[in-house]
Every structure is written in structure tokens, then in C-alpha cells.
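For reference, model.json is printed below; it contains JSON, C-alpha atoms.
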```
[["chain", "number", "residue", "atom", "x", "y", "z"],
["A", 688, "MET", "CA", 70.59, 162.17, 57.75],
["A", 689, "GLU", "CA", 71.47, 158.47, 57.63],
["A", 690, "ARG", "CA", 71.60, 158.31, 61.46],
["A", 691, "LYS", "CA", 68.15, 159.94, 61.66],
["A", 692, "LYS", "CA", 66.79, 157.42, 59.15],
["A", 693, "CYS", "CA", 68.29, 154.55, 61.14],
["A", 694, "LYS", "CA", 66.75, 155.87, 64.36],
["A", 695, "ARG", "CA", 63.36, 156.20, 62.66],
["A", 696, "CYS", "CA", 63.64, 152.64, 61.30],
["A", 697, "TRP", "CA", 64.58, 151.37, 64.76],
["A", 698, "LEU", "CA", 61.67, 153.16, 66.42],
["A", 699, "THR", "CA", 59.29, 151.89, 63.76],
["A", 700, "THR", "CA", 60.49, 148.31, 64.30],
["A", 701, "LEU", "CA", 60.03, 148.60, 68.08],
["A", 702, "MET", "CA", 56.53, 149.99, 67.67],
["A", 703, "PHE", "CA", 55.66, 147.17, 65.28],
["A", 704, "TYR", "CA", 56.78, 144.42, 67.66],
["A", 705, "ALA", "CA", 55.12, 146.20, 70.57],
["A", 706, "SER", "CA", 51.83, 146.27, 68.69],
["A", 707, "ILE", "CA", 52.16, 142.56, 67.90],
["A", 708, "SER", "CA", 52.90, 141.63, 71.51],
["A", 709, "GLY", "CA", 50.06, 143.86, 72.74],
["A", 710, "THR", "CA", 47.63, 142.20, 70.36],
["A", 711, "ALA", "CA", 48.79, 138.76, 71.46],
["A", 712, "GLN", "CA", 48.19, 139.68, 75.12],
["A", 713, "ASP", "CA", 44.75, 141.14, 74.40],
["A", 714, "THR", "CA", 43.47, 137.97, 72.69],
["A", 715, "LEU", "CA", 43.03, 134.38, 73.83],
["A", 716, "ARG", "CA", 43.91, 131.65, 71.35],
["A", 717, "ILE", "CA", 42.21, 128.43, 72.39],
["A", 718, "THR", "CA", 41.49, 124.99, 70.94],
["A", 719, "LEU", "CA", 38.16, 123.19, 71.21],
["A", 720, "GLN", "CA", 39.56, 120.72, 73.76],
["A", 721, "GLU", "CA", 40.83, 123.56, 75.95],
["A", 722, "ALA", "CA", 37.51, 125.38, 75.67],
["A", 723, "GLU", "CA", 35.57, 122.28, 76.73],
["A", 724, "MET", "CA", 37.95, 121.72, 79.66],
["A", 725, "GLN", "CA", 37.42, 125.28, 80.89],
["A", 726, "PHE", "CA", 33.69, 124.87, 80.34],
["A", 727, "LEU", "CA", 33.52, 121.83, 82.64],
["A", 728, "GLN", "CA", 35.72, 123.43, 85.30],
["A", 729, "HIS", "CA", 34.41, 127.01, 85.44],
["A", 730, "ASN", "CA", 30.81, 127.05, 84.19],
["A", 731, "PHE", "CA", 28.66, 127.85, 87.23],
["A", 732, "LEU", "CA", 25.48, 126.32, 85.81],
["A", 733, "VAL", "CA", 27.23, 122.96, 85.46],
["A", 734, "LEU", "CA", 28.66, 123.24, 88.96],
["A", 735, "ALA", "CA", 25.21, 123.98, 90.40],
["A", 736, "SER", "CA", 23.74, 120.96, 88.62],
["A", 737, "ARG", "CA", 26.40, 118.75, 90.21],
["A", 738, "TYR", "CA", 25.16, 119.81, 93.64],
["A", 739, "GLN", "CA", 21.61, 118.85, 92.64],
["A", 740, "VAL", "CA", 22.86, 115.37, 91.68],
["A", 741, "SER", "CA", 24.59, 115.08, 95.06],
["A", 742, "ALA", "CA", 21.37, 116.12, 96.82],
["A", 743, "ALA", "CA", 19.42, 113.42, 94.94],
["A", 744, "ASP", "CA", 21.99, 110.78, 95.97],
["A", 745, "ALA", "CA", 21.69, 111.96, 99.58],
["A", 746, "ALA", "CA", 17.92, 111.42, 99.38],
["A", 747, "ILE", "CA", 18.57, 107.70, 98.67],
["A", 748, "ILE", "CA", 20.65, 107.43, 101.85],
["A", 749, "GLN", "CA", 17.89, 109.19, 103.79],
["A", 750, "ALA", "CA", 15.19, 106.87, 102.41],
["A", 751, "LYS", "CA", 17.11, 103.78, 103.60],
["A", 752, "LEU", "CA", 17.05, 104.86, 107.24],
["A", 753, "TYR", "CA", 14.66, 103.26, 109.72],
["A", 754, "PRO", "CA", 12.51, 105.30, 112.11],
["A", 755, "ASN", "CA", 14.20, 106.13, 115.39],
["A", 756, "PRO", "CA", 13.02, 104.28, 118.51],
["A", 757, "ASN", "CA", 11.25, 106.25, 121.20],
["A", 758, "PHE", "CA", 12.40, 106.03, 124.81],
["A", 759, "PHE", "CA", 10.23, 107.27, 127.68],
["A", 760, "ILE", "CA", 11.12, 107.71, 131.37],
["A", 761, "ASP", "CA", 8.89, 108.89, 134.18],
["A", 762, "GLN", "CA", 10.44, 109.46, 137.60],
["A", 763, "GLY", "CA", 8.52, 110.41, 140.72],
["A", 764, "MET", "CA", 9.61, 113.87, 141.85],
["A", 765, "TYR", "CA", 8.38, 113.84, 145.48],
["A", 766, "ASN", "CA", 7.26, 111.02, 147.77],
["A", 767, "PRO", "CA", 4.86, 112.50, 150.34],
["A", 768, "GLU", "CA", 4.84, 109.34, 152.49],
["A", 769, "ILE", "CA", 8.51, 109.48, 153.37],
["A", 770, "LYS", "CA", 8.87, 113.15, 152.42],
["A", 771, "LYS", "CA", 11.74, 112.53, 150.00],
["A", 772, "TRP", "CA", 12.56, 114.18, 146.69],
["A", 773, "PHE", "CA", 13.47, 111.99, 143.72],
["A", 774, "ASP", "CA", 13.20, 108.71, 145.53],
["A", 775, "PHE", "CA", 15.13, 106.09, 143.53],
["A", 776, "SER", "CA", 14.79, 103.45, 146.22],
["A", 777, "SER", "CA", 12.24, 100.65, 146.34],
["A", 778, "THR", "CA", 9.64, 103.02, 147.79],
["A", 779, "GLY", "CA", 9.89, 105.43, 144.84],
["A", 780, "GLN", "CA", 8.21, 105.33, 141.45],
["A", 781, "THR", "CA", 10.03, 104.90, 138.14],
["A", 782, "GLU", "CA", 8.52, 104.08, 134.78],
["A", 783, "LEU", "CA", 10.47, 103.20, 131.61],
["A", 784, "ALA", "CA", 9.14, 102.56, 128.12],
["A", 785, "LEU", "CA", 10.71, 101.83, 124.74],
["A", 786, "GLN", "CA", 8.77, 101.93, 121.46],
["A", 787, "GLN", "CA", 9.67, 101.22, 117.85],
["A", 788, "VAL", "CA", 7.60, 101.85, 114.69],
["A", 789, "ILE", "CA", 7.48, 98.86, 112.33],
["A", 790, "ILE", "CA", 6.84, 99.97, 108.72],
["A", 791, "LEU", "CA", 4.40, 97.72, 106.88],
["A", 792, "ALA", "CA", 3.36, 97.19, 103.25],
["A", 793, "GLY", "CA", 6.90, 97.72, 101.97],
["A", 794, "LYS", "CA", 6.68, 101.50, 102.30],
["A", 795, "ARG", "CA", 10.42, 101.81, 103.04],
["A", 796, "ASN", "CA", 11.45, 99.90, 99.90],
["A", 797, "LYS", "CA", 9.00, 101.90, 97.80],
["A", 798, "GLN", "CA", 10.47, 105.16, 99.15],
["A", 799, "ILE", "CA", 13.96, 103.89, 98.27],
["A", 800, "ASP", "CA", 12.82, 103.07, 94.73],
["A", 801, "LEU", "CA", 11.29, 106.52, 94.40],
["A", 802, "ALA", "CA", 14.51, 108.19, 95.59],
["A", 803, "LYS", "CA", 16.59, 106.10, 93.18],
["A", 804, "ILE", "CA", 14.44, 107.12, 90.21],
["A", 805, "ASN", "CA", 14.70, 110.76, 91.30],
["A", 806, "SER", "CA", 18.47, 110.38, 91.41],
["A", 807, "GLN", "CA", 18.47, 108.91, 87.90],
["A", 808, "ILE", "CA", 16.39, 111.82, 86.63],
["A", 809, "SER", "CA", 18.83, 114.29, 88.22],
["A", 810, "ASN", "CA", 21.73, 112.53, 86.50],
["A", 811, "TYR", "CA", 19.93, 112.50, 83.15],
["A", 812, "GLN", "CA", 19.11, 116.20, 83.49],
["A", 813, "PHE", "CA", 22.71, 116.96, 84.40],
["A", 814, "TYR", "CA", 24.13, 115.16, 81.36],
["A", 815, "ASP", "CA", 21.47, 116.66, 79.11],
["A", 816, "LEU", "CA", 22.48, 120.11, 80.37],
["A", 817, "ILE", "CA", 26.13, 119.34, 79.60],
["A", 818, "ARG", "CA", 25.16, 118.08, 76.12],
["A", 819, "THR", "CA", 23.13, 121.22, 75.37],
["A", 820, "LEU", "CA", 25.79, 123.62, 76.63],
["A", 821, "ARG", "CA", 28.55, 121.69, 74.88],
["A", 822, "TYR", "CA", 26.57, 121.90, 71.64],
["A", 823, "GLN", "CA", 26.31, 125.67, 72.09],
["A", 824, "LEU", "CA", 30.02, 125.83, 72.86],
["A", 825, "ARG", "CA", 31.01, 123.91, 69.74],
["A", 826, "SER", "CA", 28.54, 125.82, 67.55],
["A", 827, "SER", "CA", 29.89, 129.16, 68.76],
["A", 828, "PHE", "CA", 33.48, 127.95, 68.43],
["A", 829, "TYR", "CA", 33.20, 126.85, 64.79],
["A", 830, "SER", "CA", 30.86, 129.71, 63.86],
["A", 831, "LEU", "CA", 33.44, 132.16, 65.15],
["A", 832, "HIS", "CA", 36.15, 130.43, 63.12],
["A", 833, "PHE", "CA", 34.21, 130.45, 59.86],
["A", 834, "LEU", "CA", 32.92, 134.01, 60.36],
["A", 835, "GLN", "CA", 36.38, 135.49, 60.72],
["A", 836, "GLU", "CA", 37.47, 134.46, 57.22],
["A", 837, "PRO", "CA", 34.72, 136.41, 55.34],
["A", 838, "VAL", "CA", 35.57, 139.54, 57.33],
["A", 839, "THR", "CA", 39.05, 139.55, 55.80],
["A", 840, "ILE", "CA", 37.56, 139.14, 52.32],
["A", 841, "TYR", "CA", 35.09, 141.97, 52.96],
["A", 842, "ASP", "CA", 37.93, 144.23, 54.14],
["A", 843, "LYS", "CA", 39.84, 143.62, 50.89],
["A", 844, "GLU", "CA", 36.74, 144.20, 48.75],
["A", 845, "ILE", "CA", 35.81, 147.39, 50.60],
["A", 846, "GLU", "CA", 39.37, 148.70, 50.31],
["A", 847, "SER", "CA", 39.42, 147.95, 46.58],
["A", 848, "LEU", "CA", 36.06, 149.68, 46.16],
["A", 849, "ARG", "CA", 37.31, 152.68, 48.12],
["A", 850, "THR", "CA", 40.27, 153.05, 45.74],
["A", 851, "LEU", "CA", 38.02, 152.59, 42.72],
["A", 852, "ILE", "CA", 35.51, 155.18, 44.03],
["A", 853, "GLU", "CA", 38.32, 157.71, 44.45],
["A", 854, "VAL", "CA", 39.34, 157.19, 40.82],
["A", 855, "TYR", "CA", 35.70, 157.41, 39.65],
["A", 856, "ASN", "CA", 35.21, 160.56, 41.70],
["A", 857, "LEU", "CA", 38.14, 162.23, 39.96],
["A", 858, "GLN", "CA", 36.84, 161.16, 36.56],
["A", 859, "TYR", "CA", 33.34, 162.39, 37.45],
["A", 860, "LYS", "CA", 34.71, 165.82, 38.36],
["A", 861, "LYS", "CA", 36.45, 165.91, 35.01],
["A", 862, "GLY", "CA", 33.18, 164.97, 33.31],
["A", 863, "ASN", "CA", 34.45, 161.68, 31.88],
["A", 864, "ILE", "CA", 31.81, 159.43, 33.54],
["A", 865, "ALA", "CA", 28.18, 159.79, 34.54],
["A", 866, "PHE", "CA", 27.13, 160.26, 38.17],
["A", 867, "LYS", "CA", 25.07, 157.05, 38.16],
["A", 868, "GLU", "CA", 28.24, 154.97, 37.73],
["A", 869, "LEU", "CA", 29.78, 156.65, 40.78],
["A", 870, "ALA", "CA", 26.55, 156.26, 42.74],
["A", 871, "ARG", "CA", 26.36, 152.55, 41.84],
["A", 872, "LEU", "CA", 29.84, 151.93, 43.28],
["A", 873, "GLN", "CA", 29.05, 153.96, 46.42],
["A", 874, "ALA", "CA", 25.85, 151.97, 46.95],
["A", 875, "LEU", "CA", 27.81, 148.73, 46.53],
["A", 876, "GLN", "CA", 30.35, 149.94, 49.09],
["A", 877, "PHE", "CA", 27.59, 150.85, 51.53],
["A", 878, "SER", "CA", 26.00, 147.40, 51.06],
["A", 879, "LEU", "CA", 29.31, 145.62, 51.69],
["A", 880, "GLN", "CA", 29.93, 147.71, 54.80],
["A", 881, "ASN", "CA", 26.49, 146.77, 56.17],
["A", 882, "GLU", "CA", 27.13, 143.09, 55.48],
["A", 883, "ARG", "CA", 30.48, 143.32, 57.21],
["A", 884, "LEU", "CA", 28.81, 145.01, 60.18],
["A", 885, "ASP", "CA", 26.35, 142.11, 60.42],
["A", 886, "LEU", "CA", 29.28, 139.69, 60.42],
["A", 887, "GLU", "CA", 30.92, 141.66, 63.22],
["A", 888, "LYS", "CA", 27.71, 141.44, 65.27],
["A", 889, "GLN", "CA", 27.61, 137.66, 64.82],
["A", 890, "ILE", "CA", 31.29, 137.40, 65.74],
["A", 891, "ASN", "CA", 30.73, 139.42, 68.92],
["A", 892, "GLU", "CA", 27.73, 137.28, 69.87],
["A", 893, "ASN", "CA", 29.70, 134.05, 69.42],
["A", 894, "ARG", "CA", 32.64, 135.47, 71.36],
["A", 895, "SER", "CA", 30.31, 136.46, 74.19],
["A", 896, "ASN", "CA", 28.81, 132.96, 74.24],
["A", 897, "LEU", "CA", 32.26, 131.38, 74.37],
["A", 898, "SER", "CA", 33.37, 133.70, 77.16],
["A", 899, "LEU", "CA", 30.22, 132.93, 79.13],
["A", 900, "LEU", "CA", 30.43, 129.16, 78.64],
["A", 901, "THR", "CA", 34.15, 128.90, 79.42],
["A", 902, "GLY", "CA", 33.92, 131.24, 82.42],
["A", 903, "ASP", "CA", 36.55, 133.61, 81.04],
["A", 904, "SER", "CA", 36.75, 136.30, 83.73],
["A", 905, "LEU", "CA", 39.32, 138.34, 81.75],
["A", 906, "SER", "CA", 36.85, 138.85, 78.87],
["A", 907, "LYS", "CA", 39.59, 138.64, 76.24],
["A", 908, "PRO", "CA", 38.57, 138.26, 72.57],
["A", 909, "ILE", "CA", 38.75, 134.54, 71.81],
["A", 910, "ILE", "CA", 40.46, 133.33, 68.64],
["A", 911, "PRO", "CA", 39.57, 129.66, 67.94],
["A", 912, "VAL", "CA", 42.40, 127.37, 66.88],
["A", 913, "VAL", "CA", 40.86, 124.75, 64.60],
["A", 914, "ASP", "CA", 42.29, 121.45, 63.37],
["A", 915, "GLN", "CA", 41.78, 121.93, 59.65],
["A", 916, "GLN", "CA", 42.72, 118.34, 58.80],
["A", 917, "TYR", "CA", 39.94, 117.06, 61.04],
["A", 918, "ILE", "CA", 37.41, 119.37, 59.39],
["A", 919, "ASN", "CA", 38.50, 118.28, 55.92],
["A", 920, "SER", "CA", 38.17, 114.61, 56.91],
["A", 921, "ILE", "CA", 34.47, 114.97, 57.79],
["A", 922, "ASP", "CA", 32.23, 113.48, 55.10],
["A", 923, "VAL", "CA", 28.53, 114.10, 55.66],
["A", 924, "ASN", "CA", 27.57, 111.57, 52.98],
["A", 925, "THR", "CA", 28.90, 108.69, 55.13],
["A", 926, "ILE", "CA", 26.47, 109.48, 57.98],
["A", 927, "ASN", "CA", 23.42, 107.20, 58.06],
["A", 928, "TYR", "CA", 20.21, 108.88, 59.21],
["A", 929, "THR", "CA", 18.74, 105.65, 60.60],
["A", 930, "VAL", "CA", 21.83, 105.02, 62.69],
["A", 931, "LEU", "CA", 21.64, 108.57, 64.07],
["A", 932, "VAL", "CA", 18.02, 108.04, 65.11],
["A", 933, "ASP", "CA", 18.91, 104.77, 66.85],
["A", 934, "TRP", "CA", 21.77, 106.43, 68.70],
["A", 935, "ALA", "CA", 19.46, 109.23, 69.77],
["A", 936, "LEU", "CA", 16.89, 106.77, 71.16],
["A", 937, "ILE", "CA", 19.61, 105.00, 73.14],
["A", 938, "ASN", "CA", 21.80, 107.88, 74.29],
["A", 939, "ARG", "CA", 19.57, 110.97, 74.58],
["A", 940, "CYS", "CA", 19.42, 111.83, 78.27],
["A", 941, "ASP", "CA", 16.32, 114.01, 77.89],
["A", 942, "LEU", "CA", 14.45, 111.00, 76.46],
["A", 943, "LYS", "CA", 15.66, 108.84, 79.35],
["A", 944, "ALA", "CA", 14.53, 111.52, 81.80],
["A", 945, "ALA", "CA", 11.06, 111.54, 80.20],
["A", 946, "GLN", "CA", 10.86, 107.74, 80.47],
["A", 947, "SER", "CA", 11.94, 107.96, 84.12],
["A", 948, "GLN", "CA", 9.12, 110.44, 84.76],
["A", 949, "VAL", "CA", 6.69, 107.67, 83.81],
["A", 950, "ARG", "CA", 8.47, 105.25, 86.12],
["A", 951, "ILE", "CA", 8.43, 107.74, 88.99],
["A", 952, "SER", "CA", 4.68, 108.22, 88.58],
["A", 953, "GLU", "CA", 4.16, 104.46, 88.78],
["A", 954, "ALA", "CA", 6.45, 104.16, 91.81],
["A", 955, "ASN", "CA", 4.65, 107.02, 93.55],
["A", 956, "LEU", "CA", 1.31, 105.34, 92.88],
["A", 957, "GLN", "CA", 2.56, 102.16, 94.55],
["A", 958, "LEU", "CA", 3.84, 104.20, 97.49],
["A", 959, "GLN", "CA", 0.49, 105.96, 97.93],
["A", 960, "LYS", "CA", -1.24, 102.57, 97.90],
["A", 961, "ALA", "CA", 1.13, 101.37, 100.62],
["A", 962, "LEU", "CA", 0.52, 104.48, 102.72],
["A", 963, "ARG", "CA", -3.10, 103.38, 103.07],
["A", 964, "VAL", "CA", -1.83, 100.59, 105.35],
["A", 965, "PRO", "CA", -1.06, 101.89, 108.88],
["A", 966, "ASP", "CA", 2.20, 101.06, 110.62],
["A", 967, "VAL", "CA", 2.55, 99.09, 113.86],
["A", 968, "THR", "CA", 4.23, 100.44, 116.98],
["A", 969, "LEU", "CA", 5.76, 97.80, 119.26],
["A", 970, "GLY", "CA", 6.96, 98.60, 122.73],
["A", 971, "ALA", "CA", 8.16, 97.34, 126.08],
["A", 972, "SER", "CA", 7.67, 99.06, 129.42],
["A", 973, "TYR", "CA", 8.69, 98.75, 133.06],
["A", 974, "ASP", "CA", 6.83, 100.23, 136.00],
["A", 975, "LYS", "CA", 8.35, 100.00, 139.47],
["A", 976, "ALA", "CA", 5.46, 100.95, 141.74],
["A", 977, "GLY", "CA", 2.72, 102.52, 139.65],
["A", 978, "SER", "CA", 0.87, 99.38, 138.59],
["A", 979, "TYR", "CA", -1.12, 96.70, 140.38],
["A", 980, "VAL", "CA", 2.14, 94.89, 141.22],
["A", 981, "HIS", "CA", 5.65, 96.11, 141.88],
["A", 982, "ASP", "CA", 8.22, 95.83, 139.09],
["A", 983, "TYR", "CA", 5.57, 95.54, 136.41],
["A", 984, "ASN", "CA", 6.85, 94.54, 132.93],
["A", 985, "SER", "CA", 4.77, 94.60, 129.79],
["A", 986, "LEU", "CA", 4.81, 94.43, 126.01],
["A", 987, "SER", "CA", 2.61, 96.67, 123.89],
["A", 988, "ALA", "CA", 1.46, 96.98, 120.28],
["A", 989, "ALA", "CA", -0.40, 99.89, 118.70],
["A", 990, "ILE", "CA", -1.84, 100.48, 115.25],
["A", 991, "ASP", "CA", -3.93, 103.26, 113.75],
["A", 992, "LEU", "CA", -7.39, 102.13, 112.71],
["A", 993, "PRO", "CA", -7.90, 103.24, 109.08],
["A", 994, "PHE", "CA", -11.48, 104.42, 109.52],
["A", 995, "TRP", "CA", -11.35, 108.11, 108.56],
["A", 996, "ASN", "CA", -8.15, 108.54, 106.57],
["A", 997, "ARG", "CA", -7.01, 106.00, 104.00],
["A", 998, "ASN", "CA", -5.05, 108.46, 101.86],
["A", 999, "PRO", "CA", -7.77, 108.76, 99.18],
["A", 1000, "GLY", "CA", -6.71, 112.10, 97.73],
["A", 1001, "LYS", "CA", -3.11, 111.16, 96.99],
["A", 1002, "TYR", "CA", -4.08, 107.73, 95.70],
["A", 1003, "GLN", "CA", -6.70, 109.05, 93.29],
["A", 1004, "SER", "CA", -4.48, 111.91, 92.05],
["A", 1005, "CYS", "CA", -1.62, 109.49, 91.32],
["A", 1006, "ALA", "CA", -4.00, 107.13, 89.55],
["A", 1007, "ILE", "CA", -4.77, 109.92, 87.04],
["A", 1008, "PRO", "CA", -2.02, 110.42, 84.39],
["A", 1009, "ASP", "CA", -0.01, 113.66, 84.65],
["A", 1010, "LYS", "CA", -1.49, 114.38, 88.09],
["A", 1011, "CYS", "CA", 0.94, 112.50, 90.33]]
```
Now that the file is in, can you turn its structure into C-alpha cells?
Amino acid sequence: MERKKCKRCWLTTLMFYASISGTAQDTLRITLQEAEMQFLQHNFLVLASRYQVSAADAAIIQAKLYPNPNFFIDQGMYNPEIKKWFDFSSTGQTELALQQVIILAGKRNKQIDLAKINSQISNYQFYDLIRTLRYQLRSSFYSLHFLQEPVTIYDKEIESLRTLIEVYNLQYKKGNIAFKELARLQALQFSLQNERLDLEKQINENRSNLSLLTGDSLSKPIIPVVDQQYINSIDVNTINYTVLVDWALINRCDLKAAQSQVRISEANLQLQKALRVPDVTLGASYDKAGSYVHDYNSLSAAIDLPFWNRNPGKYQSCAIPDKC
């Protein structure tokens, strides 16, 4: 008998430690710093926003480039006088031309300014996205921590009520108490169970948010590890509302993005004004035998005459607020 009891105790101990190790493997204990690190490394929305910032920086490089020159060559294919194909000698005809567009009215610099403001807006939007998602991460993290404690209290209360209801049920069957007393305890138990169920729903929602924000592909239940000393050291009474407002006006990236939208409208208006001025095309050409003299060399200049199109639609739309 003693050997059987020892074996049972041994098996019970093994099952207990196995259950503990299984529970530890099925959960993910994580601190706030670790959660934020995983959020920055694995969150796909943040990664996609980084590519948008890179694209905006690439637009600045593109805006700084000058127009490519244009090279033209015309070679006579057949000379009927000497009956020769592709005559490159002095009796043949070859024409060369090189042209370059000269941008006027500072349009290039205005395009660079516009691209720089767009890049700033992309950066502001990126950091505002990080701030918003980090706020959700921290809210879910601490909400999950503070919601788990009431669940334990509810479990103890429900268990105590269950024991008390069993005793009241026995006394009711014996006729010692009225049914309304038993019904009152059962209603209280039902109410506590519903409240606990609501807490479980909130816990599951916060766990889902944390898993989504941290990019947890294993979908393990997250258990937040909180620095209790840091929480106890927080004193809300020492926070000055005026200082918070000043910090928000200086550091809020969404406010900076809105201010940059005004600047980009002004910069675009200046660009549309500059586009009303046509650009000049300068060129040089050489003609071996196709002009009034052999080996003809010339310089050329061309400009569009702004008679029919002076960019009125874009200019007027950018002059109207919220239309550019």
C-alpha cells in the first residue's frame, strides 16, 4: 500500500510540473520595452510607412536633376551622283545638332522646395503613426495588466458564492430559509459571472491588439511584466496642464504635418506661377553639305510664345485655399 501511495504521489508531482511547464510554453511573458522593440521590428504598417519616407526622399533627388540634352544626327543614306551608300566622305551629307533646355523663373528650385516639404510631411506622418500605434500598444499593455487582477478576485468571490449557495440550497430543502434568500444569492452569482465574462472579453481584445502590434506570429497569450515601482512613482498631481499643451504644440507630428500642408500649398502656388514662364532651348548644329555653304555651323535658341496657354487653371486653383 505504501509503495502504491508513493507511486501515486510521484505521478501527481510529475503531472503538476508538466502542467506548469506546458503553461509556461503556451504563454509569452513580455515587458513593455520588449513589446515596443518587437513592434518597431515586426509591425508591417510601420515598415510600409518607412518605404513611403524613402520614396519621398527619392523625389528630392529626382527634382534636383537637370533636363537631359538632346542630340540629333542625320546621315545621307544614298548619294545618287556617285551612286554610293552612306557616303561619309566630303561629297556626302551629315548633319549634327545638340540642344539643351534652360529652365527659367526658378522652376527647378521651386520643385526642389516642393519635394522637400513633401518629404517632411512623409516623415511627420510616419512619426505620428508610430506615436499613435505606440499609444495603443501601451494602453493595451497596461489595460491587460490591470484587468487580470480583478479576474482573480472575481474567481474567489464566485467560488465563495458557489459554496454558500450549496449550503443555502441544503437549508432551503430542509425548510430553514426562504426561497428568496437562495434566489438572491443565485442572482448575485449570475451577475458576477457576467461581469467576469465582460472582463475576459476585454482581456482577449487587449491581447489581440498586442499580438497584432508586436507581430506575434505564434499567437501565444501575452502576460505583461510590469515595473510596479515605476507605476507607484507616477504622481499625476505633479503634471502641469499648460506645460503639456506647450509640449504638444512643439512635438505633435500631426500638427507639424498640418502646418506643412499650408507651406506646400504656398510652394505649389509659386511653382504654378513660374510655370507660366516658358523655358528656353539652346542648341548648336553642324551641317556638312545641306546648307548654302559646306561645313555650316550655327547656334540656335527657341522659346514657346505664351499666347494660348499660360497655365491659368492650375494658377487659379492654387490661389484658392484648399484647392491646390
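Residue nearest A:Val967 within the list A:Leu820, A:Leu879, A:Ile918, A:Val788: A:Val788 [criterion: smallest interatomic distance, only C-alpha atoms].
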Excluding same-chain residues fewer than 4 positions from A:Ser985, what lies within 8 Å of it counting all atoms listed in the file, as JSON, numbers by chain?
{"A": [971, 972, 973]}
So what do you get for atom CA of A:Thr850 versus atom CA of A:Ile890, distance-wise?
26.9 Å
Leaving out A:Ala742 and any residue of its chain fewer than 5 positions from it, which residues lie within 10 Å of it when counting all atoms listed in the file, given as a PyMOL selection string?
chain A and resi 736-737+747+806+809
Selection export as a PDB file, keeping the file's coordinate frame, atoms kept: C-alpha atoms:
```
ATOM      1  CA  SER A 736      23.740 120.960  88.620  1.00  0.00           C
ATOM      2  CA  ARG A 737      26.400 118.750  90.210  1.00  0.00           C
ATOM      3  CA  ILE A 747      18.570 107.700  98.670  1.00  0.00           C
ATOM      4  CA  SER A 806      18.470 110.380  91.410  1.00  0.00           C
ATOM      5  CA  SER A 809      18.830 114.290  88.220  1.00  0.00           C
TER       6      SER A 809
END
```
Quick one: distance from atom CA of A:Pro999 to atom CA of A:Tyr753 in Å, one decimal?
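Value for the atom CA of A:Pro999-atom CA of A:Tyr753 distance: 25.4 Å.
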How many Å lie between atom CA of A:Ser878 and atom CA of A:Thr714, rounded to one decimal?
29.4 Å
How big is the axis-aligned box around all listed atoms of stretch 951-955 of chain A once 5 Å goes on each side, and where's its centre, in Å to one decimal, as lines of an AutoDock Vina configuration file?
```
center_x = 6.3
center_y = 106.2
center_z = 91.1
size_x = 14.3
size_y = 14.1
size_z = 15.0
```
Nearest to A:Ser826, chosen from A:Cys940, A:Leu886, A:Leu719, A:Ala954, with only C-alpha atoms counted in the distances:
A:Leu719
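Here the question is which of A:Leu986, A:Leu872, A:Ser741, A:Trp772 gets nearest to A:Asp974 using all atoms listed in the file, and that residue is A:Leu986.
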Mind dumping a table of every stretch 888-989 of chain A residue within 7 Å of stretch 796-805 of chain A, with the nearest atom pair and its distance in Å to one decimal, using only C-alpha atoms, sorted by chain and rising number, as a Markdown table?
```
| residue | atom | partner | partner_atom | distance |
| --- | --- | --- | --- | --- |
| A:Ser947 | CA | A:Ile804 | CA | 6.6 |
| A:Ile951 | CA | A:Ile804 | CA | 6.2 |
| A:Ala954 | CA | A:Leu801 | CA | 6.0 |
| A:Asn955 | CA | A:Leu801 | CA | 6.7 |
| A:Leu958 | CA | A:Lys797 | CA | 5.7 |
```
Residue contacts of A:Ala784 (12 Å, all atoms listed in the file) excluding same-chain residues fewer than 3 positions away, as a PDB file with C-alpha atoms, in the coordinates of the input:
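The resulting file, selection-v3.pdb, is shown below:
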```pdb
ATOM      1  CA  PRO A 756      13.020 104.280 118.510  1.00  0.00           C
ATOM      2  CA  ASN A 757      11.250 106.250 121.200  1.00  0.00           C
ATOM      3  CA  PHE A 758      12.400 106.030 124.810  1.00  0.00           C
ATOM      4  CA  PHE A 759      10.230 107.270 127.680  1.00  0.00           C
ATOM      5  CA  ILE A 760      11.120 107.710 131.370  1.00  0.00           C
ATOM      6  CA  ASP A 761       8.890 108.890 134.180  1.00  0.00           C
ATOM      7  CA  GLN A 762      10.440 109.460 137.600  1.00  0.00           C
ATOM      8  CA  THR A 781      10.030 104.900 138.140  1.00  0.00           C
ATOM      9  CA  GLN A 787       9.670 101.220 117.850  1.00  0.00           C
ATOM     10  CA  LEU A 969       5.760  97.800 119.260  1.00  0.00           C
ATOM     11  CA  GLY A 970       6.960  98.600 122.730  1.00  0.00           C
ATOM     12  CA  ALA A 971       8.160  97.340 126.080  1.00  0.00           C
ATOM     13  CA  SER A 972       7.670  99.060 129.420  1.00  0.00           C
ATOM     14  CA  TYR A 973       8.690  98.750 133.060  1.00  0.00           C
ATOM     15  CA  ASP A 974       6.830 100.230 136.000  1.00  0.00           C
ATOM     16  CA  LYS A 975       8.350 100.000 139.470  1.00  0.00           C
ATOM     17  CA  TYR A 983       5.570  95.540 136.410  1.00  0.00           C
ATOM     18  CA  ASN A 984       6.850  94.540 132.930  1.00  0.00           C
ATOM     19  CA  SER A 985       4.770  94.600 129.790  1.00  0.00           C
ATOM     20  CA  LEU A 986       4.810  94.430 126.010  1.00  0.00           C
ATOM     21  CA  SER A 987       2.610  96.670 123.890  1.00  0.00           C
TER      22      SER A 987
END
```
Could you pull the residues within 9 Å of stretch 833-843 of chain A, counting all atoms listed in the file, minus those fewer than 3 positions along the same chain, as an MDAnalysis selection string?
chainID A and resid 828:830 846:848 879:880 882:883 886:887 889:890
